[in-house]
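One file, input-v9.txt, carrying compact mmCIF, C-alpha atoms:
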# COMPACT_ATOMS: atom_id res chain seq x y z
CA MET A 1 0.94 18.68 -4.60
CA SER A 2 0.72 15.15 -3.19
CA TYR A 3 0.47 14.75 0.57
CA PHE A 4 3.42 12.36 0.66
CA ILE A 5 5.58 14.48 -1.65
CA VAL A 6 5.04 17.58 0.51
CA LEU A 7 5.96 15.65 3.65
CA GLY A 8 9.01 14.21 1.89
CA LEU A 9 10.21 17.70 0.95
CA VAL A 10 9.62 18.90 4.51
CA LEU A 11 11.69 16.03 5.80
CA LEU A 12 14.45 16.73 3.27
CA GLY A 13 14.64 20.32 4.47
CA TYR A 14 14.56 19.23 8.10
CA MET A 15 17.45 16.77 7.76
CA SER A 16 19.46 19.22 5.63
CA LEU A 17 19.08 21.82 8.37
CA TRP A 18 20.46 19.40 10.94
CA PHE A 19 23.38 18.65 8.64
CA VAL A 20 24.21 22.36 8.71
CA VAL A 21 23.94 22.28 12.51
CA SER A 22 26.41 19.38 12.56
CA LEU A 23 28.88 21.44 10.53
CA LEU A 24 28.56 24.38 12.90
CA LYS A 25 28.85 22.19 15.99
CA LYS A 26 31.55 19.99 14.40
CA ARG A 27 29.82 16.85 15.67
CA ASN A 28 27.56 14.46 13.80
CA ASP A 29 25.87 12.99 16.86
CA VAL A 30 23.37 15.87 16.73
CA ALA A 31 21.66 13.48 14.29
CA ASP A 32 20.62 11.40 17.31
CA VAL A 33 18.80 14.40 18.78
CA ALA A 34 17.25 15.15 15.38
CA TRP A 35 15.85 11.60 15.21
CA GLY A 36 13.10 11.92 17.83
CA LEU A 37 12.32 15.54 16.96
CA GLY A 38 11.90 14.58 13.31
CA PHE A 39 9.03 12.25 14.14
CA VAL A 40 7.34 14.96 16.18
CA THR A 41 7.75 17.52 13.40
CA LEU A 42 6.46 15.30 10.59
CA SER A 43 3.56 13.97 12.66
CA TRP A 44 2.14 17.41 13.47
CA ILE A 45 2.70 18.77 9.97
CA SER A 46 0.83 15.79 8.51
CA PHE A 47 -1.94 16.26 11.09
CA PHE A 48 -2.56 19.86 10.03
CA PHE A 49 -1.92 19.26 6.30
CA TYR A 50 -5.10 17.24 5.76
CA GLY A 51 -6.91 18.13 8.94
CA VAL A 52 -9.07 14.99 8.87
CA GLY A 53 -7.21 12.75 11.30
CA GLY A 54 -9.65 13.64 14.03
CA LEU A 55 -9.30 12.32 17.55
CA ARG A 56 -7.27 9.29 16.47
CA GLY A 57 -4.78 11.53 14.68
CA LEU A 58 -4.54 13.80 17.69
CA ILE A 59 -3.90 10.83 19.97
CA VAL A 60 -1.07 9.36 17.88
CA CYS A 61 0.54 12.79 17.42
CA LEU A 62 0.54 13.23 21.19
CA LEU A 63 2.01 9.74 21.67
CA VAL A 64 4.77 10.44 19.14
CA SER A 65 5.45 13.81 20.80
CA VAL A 66 5.80 12.27 24.26
CA TRP A 67 8.16 9.63 22.89
CA GLY A 68 10.17 11.90 20.57
CA LEU A 69 10.62 14.83 22.95
CA ARG A 70 11.66 12.56 25.84
CA LEU A 71 14.14 10.71 23.64
CA ALA A 72 15.64 13.90 22.19
CA TRP A 73 16.08 15.42 25.65
CA HIS A 74 17.58 12.21 27.02
CA ILE A 75 20.15 12.03 24.22
CA TYR A 76 20.95 15.74 24.43
CA SER A 77 21.47 15.49 28.21
CA ARG A 78 23.63 12.39 27.80
CA ASN A 79 25.88 13.96 25.14
CA LYS A 80 26.11 17.47 26.62
CA ASN A 81 29.68 18.54 27.45
CA LYS A 82 31.04 15.20 26.20
CA PRO A 83 33.09 14.33 23.10
CA GLU A 84 31.31 13.25 19.94
CA ASP A 85 29.88 9.72 20.09
CA TYR A 86 32.53 7.08 19.33
CA ARG A 87 30.63 5.79 16.26
CA TYR A 88 30.77 9.17 14.53
CA GLN A 89 34.38 9.71 15.55
CA GLN A 90 35.29 6.43 13.86
CA TRP A 91 33.49 7.47 10.67
CA ARG A 92 35.45 10.72 10.61
CA GLN A 93 38.61 8.64 10.38
CA ASP A 94 37.26 6.01 8.00
CA TRP A 95 35.66 8.38 5.47
CA GLY A 96 38.61 10.76 5.14
CA LYS A 97 38.14 13.38 2.39
CA TRP A 98 34.64 12.09 1.65
CA PHE A 99 33.52 12.69 5.23
CA TYR A 100 31.14 15.62 4.63
CA LEU A 101 29.48 14.17 1.54
CA ARG A 102 29.05 10.75 3.10
CA SER A 103 27.79 12.33 6.32
CA TYR A 104 25.03 14.13 4.44
CA PHE A 105 23.90 11.06 2.52
CA GLN A 106 24.72 8.18 4.87
CA ILE A 107 23.70 9.83 8.13
CA TYR A 108 21.17 12.59 7.49
CA LEU A 109 19.40 11.60 4.28
CA LEU A 110 19.46 7.89 5.11
CA GLN A 111 18.13 8.63 8.58
CA GLY A 112 15.39 10.79 7.05
CA THR A 113 14.39 7.96 4.71
CA LEU A 114 14.15 5.49 7.57
CA LEU A 115 12.22 8.01 9.65
CA TYR A 116 9.74 8.41 6.79
CA LEU A 117 9.15 4.66 6.65
CA ILE A 118 8.75 4.25 10.40
CA VAL A 119 6.30 7.15 10.80
CA LEU A 120 4.06 5.78 8.00
CA PRO A 121 1.32 4.60 10.42
CA VAL A 122 0.95 8.15 11.73
CA LEU A 123 0.86 9.64 8.22
CA LEU A 124 -1.90 7.25 7.14
CA ILE A 125 -3.93 7.97 10.28
CA ASN A 126 -3.65 11.72 9.72
CA MET A 127 -4.92 11.54 6.14
CA SER A 128 -8.09 9.60 7.00
CA PRO A 129 -10.67 9.84 9.79
CA GLY A 130 -11.09 6.05 9.68
CA ALA A 131 -13.57 4.20 11.85
CA PRO A 132 -14.68 5.55 15.25
CA LEU A 133 -12.36 4.74 18.14
CA GLY A 134 -12.64 1.07 19.03
CA TRP A 135 -10.99 -1.78 20.86
CA LEU A 136 -7.96 -1.85 18.54
CA ASP A 137 -7.17 1.74 19.46
CA PHE A 138 -7.19 0.91 23.15
CA VAL A 139 -5.09 -2.22 22.65
CA GLY A 140 -2.61 -0.15 20.65
CA LEU A 141 -2.52 2.49 23.36
CA ALA A 142 -1.86 -0.19 26.00
CA VAL A 143 0.96 -1.70 23.93
CA TRP A 144 2.45 1.78 23.38
CA SER A 145 2.27 2.48 27.12
CA LEU A 146 4.12 -0.75 27.90
CA GLY A 147 6.82 0.20 25.42
CA PHE A 148 7.14 3.73 26.76
CA TYR A 149 7.54 2.36 30.30
CA PHE A 150 10.38 0.06 29.27
CA GLU A 151 12.19 2.73 27.24
CA ALA A 152 11.83 5.61 29.70
CA VAL A 153 12.47 3.60 32.87
CA GLY A 154 15.29 1.62 31.26
CA ASP A 155 17.04 4.82 30.17
CA SER A 156 16.55 6.38 33.61
CA GLN A 157 17.91 3.34 35.43
CA LEU A 158 20.98 3.19 33.19
CA ALA A 159 21.64 6.94 33.55
CA SER A 160 21.51 6.68 37.36
CA PHE A 161 23.79 3.63 37.28
CA ILE A 162 26.40 5.40 35.13
CA LYS A 163 26.37 8.53 37.31
CA ASN A 164 27.41 6.51 40.36
CA PRO A 165 31.25 6.46 40.51
CA ALA A 166 31.11 3.13 42.34
CA ASN A 167 29.75 1.50 39.17
CA LYS A 168 32.67 2.49 36.94
CA GLY A 169 33.67 -0.50 34.84
CA LYS A 170 30.62 -2.47 35.91
CA LEU A 171 27.76 -3.77 33.79
CA MET A 172 24.18 -2.67 34.41
CA GLN A 173 22.29 -5.81 35.49
CA SER A 174 19.53 -4.60 37.81
CA GLY A 175 16.04 -3.16 37.41
CA LEU A 176 14.58 -3.81 33.97
CA TRP A 177 18.07 -4.74 32.82
CA ALA A 178 17.72 -7.93 34.85
CA TYR A 179 14.99 -9.16 32.47
CA THR A 180 16.24 -7.95 29.10
CA ARG A 181 19.68 -6.77 28.04
CA HIS A 182 18.08 -3.94 26.08
CA PRO A 183 14.89 -2.70 27.79
CA ASN A 184 15.08 0.72 26.11
CA TYR A 185 15.32 -0.80 22.63
CA PHE A 186 12.53 -3.25 23.42
CA GLY A 187 10.42 -0.29 24.54
CA GLU A 188 11.08 1.74 21.40
CA VAL A 189 10.10 -1.11 19.10
CA THR A 190 7.00 -1.94 21.16
CA GLN A 191 5.73 1.65 20.98
CA TRP A 192 5.73 1.58 17.18
CA TRP A 193 3.88 -1.72 17.11
CA GLY A 194 1.29 -0.10 19.37
CA ILE A 195 0.88 2.83 16.98
CA TRP A 196 0.51 0.41 14.08
CA LEU A 197 -2.34 -1.35 15.91
CA ILE A 198 -4.09 2.02 16.12
CA ALA A 199 -3.50 2.53 12.37
CA LEU A 200 -5.37 -0.69 11.56
CA SER A 201 -8.63 1.23 11.99
CA VAL A 202 -7.96 3.46 8.95
CA PRO A 203 -7.90 2.59 5.22
CA SER A 204 -4.60 1.00 4.14
CA GLY A 205 -3.62 0.68 7.79
CA LEU A 206 -2.35 -2.84 7.17
CA ILE A 207 0.31 -1.47 4.79
CA ALA A 208 1.60 0.67 7.65
CA VAL A 209 3.16 -2.47 9.15
CA LEU A 210 6.21 -1.33 7.16
CA GLY A 211 6.82 1.18 9.97
CA PRO A 212 7.23 -1.19 12.93
CA LEU A 213 8.97 -3.76 10.73
CA THR A 214 11.58 -1.17 9.76
CA ILE A 215 12.34 -0.06 13.33
CA THR A 216 12.41 -3.69 14.52
CA PHE A 217 14.93 -4.62 11.82
CA LEU A 218 17.09 -1.57 12.55
CA ILE A 219 17.16 -2.21 16.29
CA LEU A 220 17.73 -5.95 16.13
CA LYS A 221 20.00 -6.24 13.11
CA VAL A 222 21.69 -2.92 12.31
CA SER A 223 22.25 0.05 14.61
CA GLY A 224 20.84 -0.93 17.97
CA VAL A 225 21.39 -4.28 19.63
CA PRO A 226 24.37 -5.51 17.51
CA LEU A 227 26.50 -2.39 18.16
CA LEU A 228 25.77 -2.31 21.87
CA GLU A 229 26.30 -6.06 22.30
CA LYS A 230 29.68 -5.69 20.62
CA LYS A 231 30.60 -2.88 22.98
CA MET A 232 29.33 -4.75 26.06
CA ALA A 233 31.27 -7.89 25.09
CA SER A 234 34.51 -6.24 26.25
CA ASN A 235 33.21 -6.27 29.83
CA PRO A 236 34.34 -9.41 31.74
CA ASP A 237 30.87 -9.79 33.27
CA PHE A 238 29.07 -9.83 29.93
CA ALA A 239 29.43 -13.55 29.16
CA ALA A 240 27.64 -14.56 32.36
CA TYR A 241 25.07 -11.77 31.96
CA LYS A 242 24.38 -12.95 28.41
CA GLN A 243 23.72 -16.47 29.63
CA ARG A 244 21.29 -15.35 32.34
CA VAL A 245 19.29 -12.58 30.70
CA SER A 246 17.14 -12.49 27.56
CA MET A 247 18.62 -10.42 24.74
CA PHE A 248 15.46 -8.50 23.81
CA ILE A 249 12.05 -9.67 25.01
CA PRO A 250 11.77 -9.34 28.83
CA TRP A 251 11.92 -12.76 30.46
CA PRO A 252 12.66 -14.18 33.92
CA ARG A 253 16.36 -14.73 34.49
CA LYS A 254 17.82 -18.20 34.10
As structure tokens, what does this structure read like?
Amino acid sequence: MSYFIVLGLVLLGYMSLWFVVSLLKKRNDVADVAWGLGFVTLSWISFFFYGVGGLRGLIVCLLVSVWGLRLAWHIYSRNKNKPEDYRYQQWRQDWGKWFYLRSYFQIYLLQGTLLYLIVLPVLLINMSPGAPLGWLDFVGLAVWSLGFYFEAVGDSQLASFIKNPANKGKLMQSGLWAYTRHPNYFGEVTQWWGIWLIALSVPSGLIAVLGPLTITFLILKVSGVPLLEKKMASNPDFAAYKQRVSMFIPWPRK
């Protein structure tokens, strides 16, 4: 059976399993935890399916694992002992009697499809040994490292800020958040561009640009920046913050 068909079926089973978990837990935001873990799962399965990815395949699987496991733990820790995320609560009301069916297709299967597109660079690397490690691999690793720094540090700074009772009702504007309004999102996108640079050393690696393009579009136009900007806009300090600080790419404050 085709490499990509097998991985697609694995992903279908994986997302269906998480849908069952959501029914048992009675909360759909478990999909956010499933997101990072799904990349880790599919990356390692693809690595062992062909077994020809070599050192490059091992490197990208480790990079995806570091990113995915950290993200899943961060989201789990953030949501633990709290009500279901407000986005999913709103969908429960909006979807009414179609809630379960739409949840399966519009949250879990759609998320699985997007995951499949984004992880394409890793899948292509794992099915071909490609050229020996070269300068593109090291540039890609450097870009990934920059992205991981912004995502991990940005998340940590925001978590510490929120935990401080003195900051209740205030807007995070320090640390990395003083140079971009969304350092964690910038970091996530940057990491996938770094992995794509590594994929350029294998056959058809150029096609894998679909992966970083997909995550960039999602973050900038769909589920990342637009939703959070809308939520932040209710804060009285947001208008001034928006004028001073770059929306996405880190930049000195005005």
Rank nothing, just name the residue among A:Tyr86, A:Leu9, A:Ser16, A:Ser145 nearest to Leu227 in chain A, using only C-alpha atoms.
-> A:Tyr86
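All residues of protein, DNA or RNA that reach within 12 Å of Ile207 in chain A, judged by only C-alpha atoms and not counting those fewer than 5 positions away in the chain, are Leu117, Ile118, Leu120, Pro121, Val122, Leu123, Leu124, Ile125, Trp196, Leu197, Ala199, Leu200, Ser201, Val202, Pro212 and Leu213 of chain A.
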Between CA of Pro83 in chain A and CA of Val30 in chain A, what is the distance, to one decimal in Å?
-> 11.7 Å
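Using all atoms listed in the file, the smallest distance between any of A:Val119, A:Leu136, A:Lys26, A:Ser2 and Thr41 in chain A comes from A:Val119.
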Using only C-alpha atoms, which residue out of A:Gly134, A:Gly57, A:Gly187, A:Gly36 lies closest to Trp73 in chain A?
->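 Of the candidates, the smallest distance to Trp73 in chain A is held by A:Gly36.
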Pick from A:Tyr116, A:Phe238, A:Trp135, A:Tyr149, whichever lies nearest to Lys170 in chain A using only C-alpha atoms =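 With only C-alpha atoms as the atom set, the closest residue is A:Phe238.
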Taking into account only C-alpha atoms, which residue in the set A:Glu229, A:Asp29, A:Asp137, A:Glu188 is nearest to Arg87 in chain A?
->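 Of A:Glu229, A:Asp29, A:Asp137, A:Glu188, the one nearest Arg87 in chain A is A:Asp29, counting only C-alpha atoms.
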Within 8 Å of Lys254 in chain A, counting all atoms listed in the file, which residues qualify if same-chain residues fewer than 3 places away don't, as a ChimeraX atom specification?
-> /A:243-245
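Pairwise distance (CA of Gly8 in chain A, CA of Leu115 in chain A) equals 10.4 Å.
Here CA of Gly38 in chain A is placed at a distance of 18.0 Å from CA of Leu210 in chain A.
Distance check against Tyr104 in chain A using only C-alpha atoms: of A:Gly194, A:Tyr3, A:Ala208, A:Leu23, the minimum falls on A:Leu23.
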Please provide the set of residues having any atom within 9 Å of Asp155 in chain A, restricted to all atoms listed in the file, with same-chain residues fewer than 3 positions apart removed, written as a list in words.
->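 That gives His74, Phe150, Glu151, Ala152, Leu158, Ala159, Ser160, Pro183 and Asn184 of chain A.
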What's the 8 Å shell around Arg56 in chain A, counting all atoms listed in the file, without same-chain residues fewer than 4 positions away, as a VMD selection string?
-> chain A and resid 60 125 129 133 198
